[in-house]
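This is input-v1.cif. It holds mmCIF, C-alpha atoms.
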```
data_input
loop_
_atom_site.label_atom_id
_atom_site.label_comp_id
_atom_site.auth_asym_id
_atom_site.auth_seq_id
_atom_site.Cartn_x
_atom_site.Cartn_y
_atom_site.Cartn_z
CA MET A 1 -77.30 -46.51 -96.83
CA ARG A 2 -79.54 -43.57 -97.83
CA LYS A 3 -79.56 -41.29 -100.81
CA GLY A 4 -77.46 -38.20 -100.15
CA GLU A 5 -75.11 -39.87 -97.66
CA PRO A 6 -71.38 -39.89 -98.47
CA GLY A 7 -70.48 -42.88 -100.60
CA TYR A 8 -74.09 -43.59 -101.61
CA GLU A 9 -73.54 -43.22 -105.37
CA GLU A 10 -70.52 -45.56 -105.32
CA TRP A 11 -72.41 -48.13 -103.23
CA ARG A 12 -75.44 -47.89 -105.56
CA ALA A 13 -73.31 -48.42 -108.68
CA LYS A 14 -71.65 -51.52 -107.19
CA ARG A 15 -75.00 -52.89 -106.01
CA THR A 16 -76.60 -52.35 -109.42
CA ALA A 17 -73.73 -54.07 -111.27
CA TYR A 18 -73.85 -56.98 -108.80
CA MET A 19 -77.62 -57.44 -109.16
CA ARG A 20 -77.40 -57.44 -112.96
CA ARG A 21 -75.43 -60.67 -112.92
CA PRO A 22 -77.76 -63.54 -114.00
CA ASP A 23 -76.64 -65.88 -111.22
CA GLN A 24 -77.30 -63.23 -108.58
CA ARG A 25 -80.75 -62.43 -110.01
CA LYS A 26 -81.71 -66.13 -109.67
CA LYS A 27 -80.47 -66.20 -106.06
CA GLN A 28 -82.35 -63.00 -105.25
CA LYS A 29 -85.57 -64.33 -106.80
CA LEU A 30 -85.29 -67.54 -104.77
CA TYR A 31 -84.56 -65.56 -101.59
CA ASP A 32 -87.56 -63.30 -102.26
CA LEU A 33 -89.87 -66.30 -102.70
CA GLN A 34 -88.61 -68.05 -99.57
CA ASN A 35 -88.80 -64.94 -97.39
CA ARG A 36 -91.89 -63.26 -98.82
CA GLU A 37 -93.86 -62.97 -95.56
CA ARG A 38 -90.87 -61.67 -93.60
CA ARG A 39 -90.09 -59.08 -96.28
CA LEU A 40 -93.74 -57.96 -96.42
CA GLU A 41 -93.84 -57.61 -92.64
CA ASN A 42 -90.58 -55.62 -92.65
CA GLY A 43 -92.05 -53.34 -95.30
CA ARG A 44 -95.20 -52.79 -93.22
CA LYS A 45 -93.10 -51.94 -90.15
CA TRP A 46 -90.92 -49.52 -92.12
CA ARG A 47 -93.95 -47.75 -93.61
CA ALA A 48 -95.60 -47.48 -90.19
CA LYS A 49 -92.41 -45.96 -88.74
CA ASN A 50 -91.95 -43.56 -91.69
CA ARG A 51 -95.50 -42.30 -92.33
CA ASP A 52 -94.45 -38.65 -92.71
CA ARG A 53 -91.70 -39.55 -95.15
CA MET A 54 -94.09 -41.72 -97.19
CA ALA A 55 -96.72 -38.94 -97.22
CA GLU A 56 -94.15 -36.46 -98.57
CA VAL A 57 -93.01 -38.89 -101.27
CA ASN A 58 -96.64 -39.54 -102.23
CA ARG A 59 -97.34 -35.78 -102.43
CA ARG A 60 -94.31 -35.21 -104.68
CA THR A 61 -95.25 -38.16 -106.90
CA ALA A 62 -98.86 -36.97 -107.20
CA ALA A 63 -97.66 -33.48 -108.17
CA LYS A 64 -95.42 -34.92 -110.92
CA ILE A 65 -98.23 -37.09 -112.25
CA ALA A 66 -100.69 -34.19 -112.16
CA THR A 67 -98.52 -31.95 -114.37
CA SER A 68 -97.09 -34.46 -116.87
CA LEU A 69 -99.35 -35.92 -119.56
CA PRO A 70 -97.20 -39.05 -120.22
CA LEU A 71 -97.01 -39.78 -116.47
CA ARG A 72 -100.76 -39.21 -116.10
CA ILE A 73 -101.58 -41.59 -118.98
CA GLY A 74 -99.07 -44.13 -117.64
CA ARG A 75 -100.83 -43.96 -114.26
CA LEU A 76 -104.23 -44.38 -115.93
CA LEU A 77 -102.98 -47.47 -117.79
CA HIS A 78 -101.55 -48.90 -114.56
CA MET A 79 -104.91 -48.39 -112.82
CA ALA A 80 -106.69 -49.97 -115.82
CA ARG A 81 -104.46 -53.04 -115.47
CA LEU A 82 -105.36 -53.32 -111.77
CA ARG A 83 -109.09 -52.87 -112.53
CA ALA A 84 -108.88 -55.54 -115.25
CA LYS A 85 -107.18 -57.95 -112.86
CA ASP A 86 -109.80 -57.35 -110.15
CA SER A 87 -112.77 -57.78 -112.48
CA GLY A 88 -111.39 -60.56 -114.68
CA ILE A 89 -111.17 -58.45 -117.84
CA THR A 90 -108.44 -59.06 -120.43
CA TYR A 91 -105.49 -56.65 -120.33
CA CYS A 92 -102.79 -57.17 -122.93
CA LEU A 93 -101.41 -53.85 -124.13
CA GLY A 94 -97.92 -54.16 -125.59
CA LYS A 95 -95.18 -51.53 -125.60
CA SER A 96 -96.16 -50.21 -129.05
CA GLU A 97 -99.79 -49.66 -128.01
CA PHE A 98 -98.65 -48.14 -124.73
CA ALA A 99 -96.32 -45.74 -126.61
CA ARG A 100 -99.11 -44.78 -129.03
CA LEU A 101 -101.42 -43.91 -126.14
CA MET A 102 -98.67 -41.98 -124.31
CA ALA A 103 -98.11 -39.76 -127.37
CA GLN A 104 -101.65 -38.39 -127.40
CA THR A 105 -102.25 -34.79 -126.29
CA THR A 106 -105.87 -34.47 -127.41
CA CYS A 107 -109.08 -36.43 -126.89
CA ALA A 108 -109.40 -39.21 -129.49
CA VAL A 109 -113.11 -38.44 -129.97
CA THR A 110 -113.64 -34.69 -129.46
CA GLY A 111 -110.15 -33.49 -130.48
CA CYS A 112 -110.03 -31.16 -127.43
CA GLU A 113 -106.71 -30.49 -125.68
CA PHE A 114 -106.32 -32.25 -122.34
CA VAL A 115 -106.26 -30.15 -119.16
CA LEU A 116 -103.99 -31.45 -116.39
CA GLU A 117 -105.14 -29.27 -113.51
CA PRO A 118 -107.91 -30.22 -111.06
CA ALA A 119 -111.39 -28.72 -111.45
CA LYS A 120 -111.71 -25.34 -109.70
CA SER A 121 -115.47 -24.97 -109.47
CA GLY A 122 -118.67 -26.92 -108.98
CA LYS A 123 -119.05 -30.24 -107.19
CA GLN A 124 -115.84 -31.57 -108.76
CA VAL A 125 -113.42 -29.19 -106.95
CA GLY A 126 -110.11 -30.99 -106.46
CA TYR A 127 -111.13 -33.90 -108.69
CA SER A 128 -110.18 -34.49 -112.30
CA HIS A 129 -110.99 -31.67 -114.66
CA PRO A 130 -113.73 -32.64 -117.17
CA MET A 131 -111.11 -32.19 -119.91
CA ALA A 132 -108.50 -34.40 -118.17
CA PRO A 133 -107.38 -37.59 -119.94
CA SER A 134 -109.16 -40.87 -119.27
CA ILE A 135 -108.73 -44.42 -120.65
CA ASP A 136 -111.74 -45.63 -122.66
CA ARG A 137 -112.50 -49.10 -124.00
CA ILE A 138 -114.15 -48.58 -127.38
CA ASN A 139 -116.21 -51.75 -126.94
CA PRO A 140 -116.78 -52.20 -123.18
CA LYS A 141 -117.43 -55.93 -123.63
CA ARG A 142 -113.86 -56.44 -124.83
CA GLY A 143 -110.94 -55.92 -122.50
CA TYR A 144 -107.98 -53.58 -122.54
CA VAL A 145 -106.58 -55.00 -125.78
CA LYS A 146 -104.82 -53.50 -128.80
CA GLY A 147 -107.22 -51.49 -130.95
CA ASN A 148 -109.89 -51.30 -128.24
CA VAL A 149 -108.31 -48.63 -126.03
CA ARG A 150 -108.05 -44.87 -126.54
CA VAL A 151 -107.42 -41.75 -124.45
CA VAL A 152 -110.48 -39.51 -124.18
CA CYS A 153 -111.75 -36.64 -121.99
CA VAL A 154 -113.17 -37.56 -118.59
CA TRP A 155 -116.57 -36.02 -119.43
CA PHE A 156 -116.87 -38.14 -122.59
CA ASN A 157 -115.90 -41.35 -120.79
CA LEU A 158 -118.39 -40.69 -117.97
CA ALA A 159 -121.18 -39.87 -120.44
CA LYS A 160 -120.48 -42.92 -122.63
CA ASN A 161 -120.28 -45.20 -119.59
CA ARG A 162 -120.74 -48.84 -120.70
CA TRP A 163 -122.16 -48.14 -124.15
CA THR A 164 -120.50 -48.80 -127.47
CA ASP A 165 -119.80 -45.83 -129.74
CA ALA A 166 -122.86 -46.59 -131.91
CA GLU A 167 -125.18 -46.82 -128.88
CA PHE A 168 -123.79 -43.58 -127.48
CA ARG A 169 -124.15 -41.77 -130.85
CA ASP A 170 -127.81 -42.89 -131.12
CA ALA A 171 -128.53 -41.73 -127.56
CA LEU A 172 -126.94 -38.33 -128.31
CA LYS A 173 -129.01 -37.88 -131.49
CA LYS A 174 -132.26 -38.70 -129.66
CA GLY A 175 -131.25 -36.52 -126.73
CA PHE A 176 -130.48 -33.51 -128.94
CA LYS A 177 -133.80 -33.88 -130.77
CA GLY A 178 -135.61 -33.83 -127.42
CA LEU A 179 -133.59 -30.83 -126.22
CA ARG A 180 -134.41 -28.91 -129.40
CA ARG A 181 -138.13 -29.70 -129.06
CA GLY A 182 -138.03 -28.64 -125.43
CA GLY A 183 -136.39 -25.32 -126.34
CA TYR A 184 -133.05 -25.99 -124.58
CA LEU A 185 -131.07 -25.83 -127.84
CA HIS A 186 -131.65 -23.16 -130.49
#
```

Turn the structure described in the file into structure tokens.
Amino acid sequence: MRKGEPGYEEWRAKRTAYMRRPDQRKKQKLYDLQNRERRLENGRKWRAKNRDRMAEVNRRTAAKIATSLPLRIGRLLHMARLRAKDSGITYCLGKSEFARLMAQTTCAVTGCEFVLEPAKSGKQVGYSHPMAPSIDRINPKRGYVKGNVRVVCVWFNLAKNRWTDAEFRDALKKGFKGLRRGGYLH
């Protein structure tokens, strides 16, 4: 049954109530484990058959994420969790830390407002705006843990790279002194 078909809402309500029963959840979990390969294969077949539909859903989802700060930060945290898993870094952000990060509308370091639109000029056309939100680990050697994660501007995160705040601050001071001596800053 598909969304929009007659009787869909009634079917969905019954299905949801049925799946909330603890005994049924256990059965479903067991079924999922026993039939994992078959279910994955069926999913691959369905996606191959419905490429256009999937592309449209992905476009709509990307548009929502691009214009909503909480959705954008949620997506960034999801990608951070995947990166942490791939590289063996600790990721243990609880709901309270997640909510704190989602509430931010300005860069934690510069105080600048976040921009949610893609860059419109330069080499970055279509990519994240330099003032878009980005997840930063304060101390890169520690993982994505409470107190070590903040939301900053993309440009700051790229410039800081793998340095700690103190290392980055020292590099900026030395860099500005050199720029002043060279006549780039007045």

Residues within 8 Å of Asp136 of chain A, only C-alpha atoms, excluding chain neighbours under 4 positions, as a list in words | Val149, Arg150, Val151, Val152 and Asn157 of chain A

Test item: residues at most 10 Å from Pro133 of chain A, only C-alpha atoms, excluding those fewer than 5 positions along its chain, as a short mmCIF file (atom, residue, chain, number, x, y, z; two decimals) with C-alpha atoms, in the coordinates of the input:
```cif
data_model
loop_
_atom_site.label_atom_id
_atom_site.label_comp_id
_atom_site.auth_asym_id
_atom_site.auth_seq_id
_atom_site.Cartn_x
_atom_site.Cartn_y
_atom_site.Cartn_z
CA LEU A 69 -99.35 -35.92 -119.56
CA ARG A 72 -100.76 -39.21 -116.10
CA ILE A 73 -101.58 -41.59 -118.98
CA LEU A 76 -104.23 -44.38 -115.93
CA GLN A 104 -101.65 -38.39 -127.40
CA THR A 105 -102.25 -34.79 -126.29
CA THR A 106 -105.87 -34.47 -127.41
CA CYS A 107 -109.08 -36.43 -126.89
CA ALA A 108 -109.40 -39.21 -129.49
CA GLU A 113 -106.71 -30.49 -125.68
CA PHE A 114 -106.32 -32.25 -122.34
CA VAL A 115 -106.26 -30.15 -119.16
CA LEU A 116 -103.99 -31.45 -116.39
CA SER A 128 -110.18 -34.49 -112.30
CA ARG A 150 -108.05 -44.87 -126.54
CA VAL A 151 -107.42 -41.75 -124.45
CA VAL A 152 -110.48 -39.51 -124.18
CA CYS A 153 -111.75 -36.64 -121.99
CA VAL A 154 -113.17 -37.56 -118.59
CA TRP A 155 -116.57 -36.02 -119.43
CA PHE A 156 -116.87 -38.14 -122.59
CA ASN A 157 -115.90 -41.35 -120.79
#
```

Could you state the separation of atom CA of Ala62 of chain A and atom CA of Phe98 of chain A in Å, given to one decimal place?
->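 Atom-to-atom, atom CA of Ala62 of chain A to atom CA of Phe98 of chain A, that is 20.8 Å.
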
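Counting from atom CA of Thr164 of chain A, the distance to atom CA of Gly147 of chain A is 14.0 Å.
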
Residue neighbourhood Asp165 of chain A, 10 Å, only C-alpha atoms, exclusion window fewer than 6 positions, as a list in words = Val109, Arg137, Ile138, Asn139, Pro140 and Ala171 of chain A

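Distance annotation: of A:Arg47, A:Arg39, A:Arg60, A:Arg81, the residue with the minimal separation from Val145 of chain A is A:Arg81; atom set is all atoms listed in the file.
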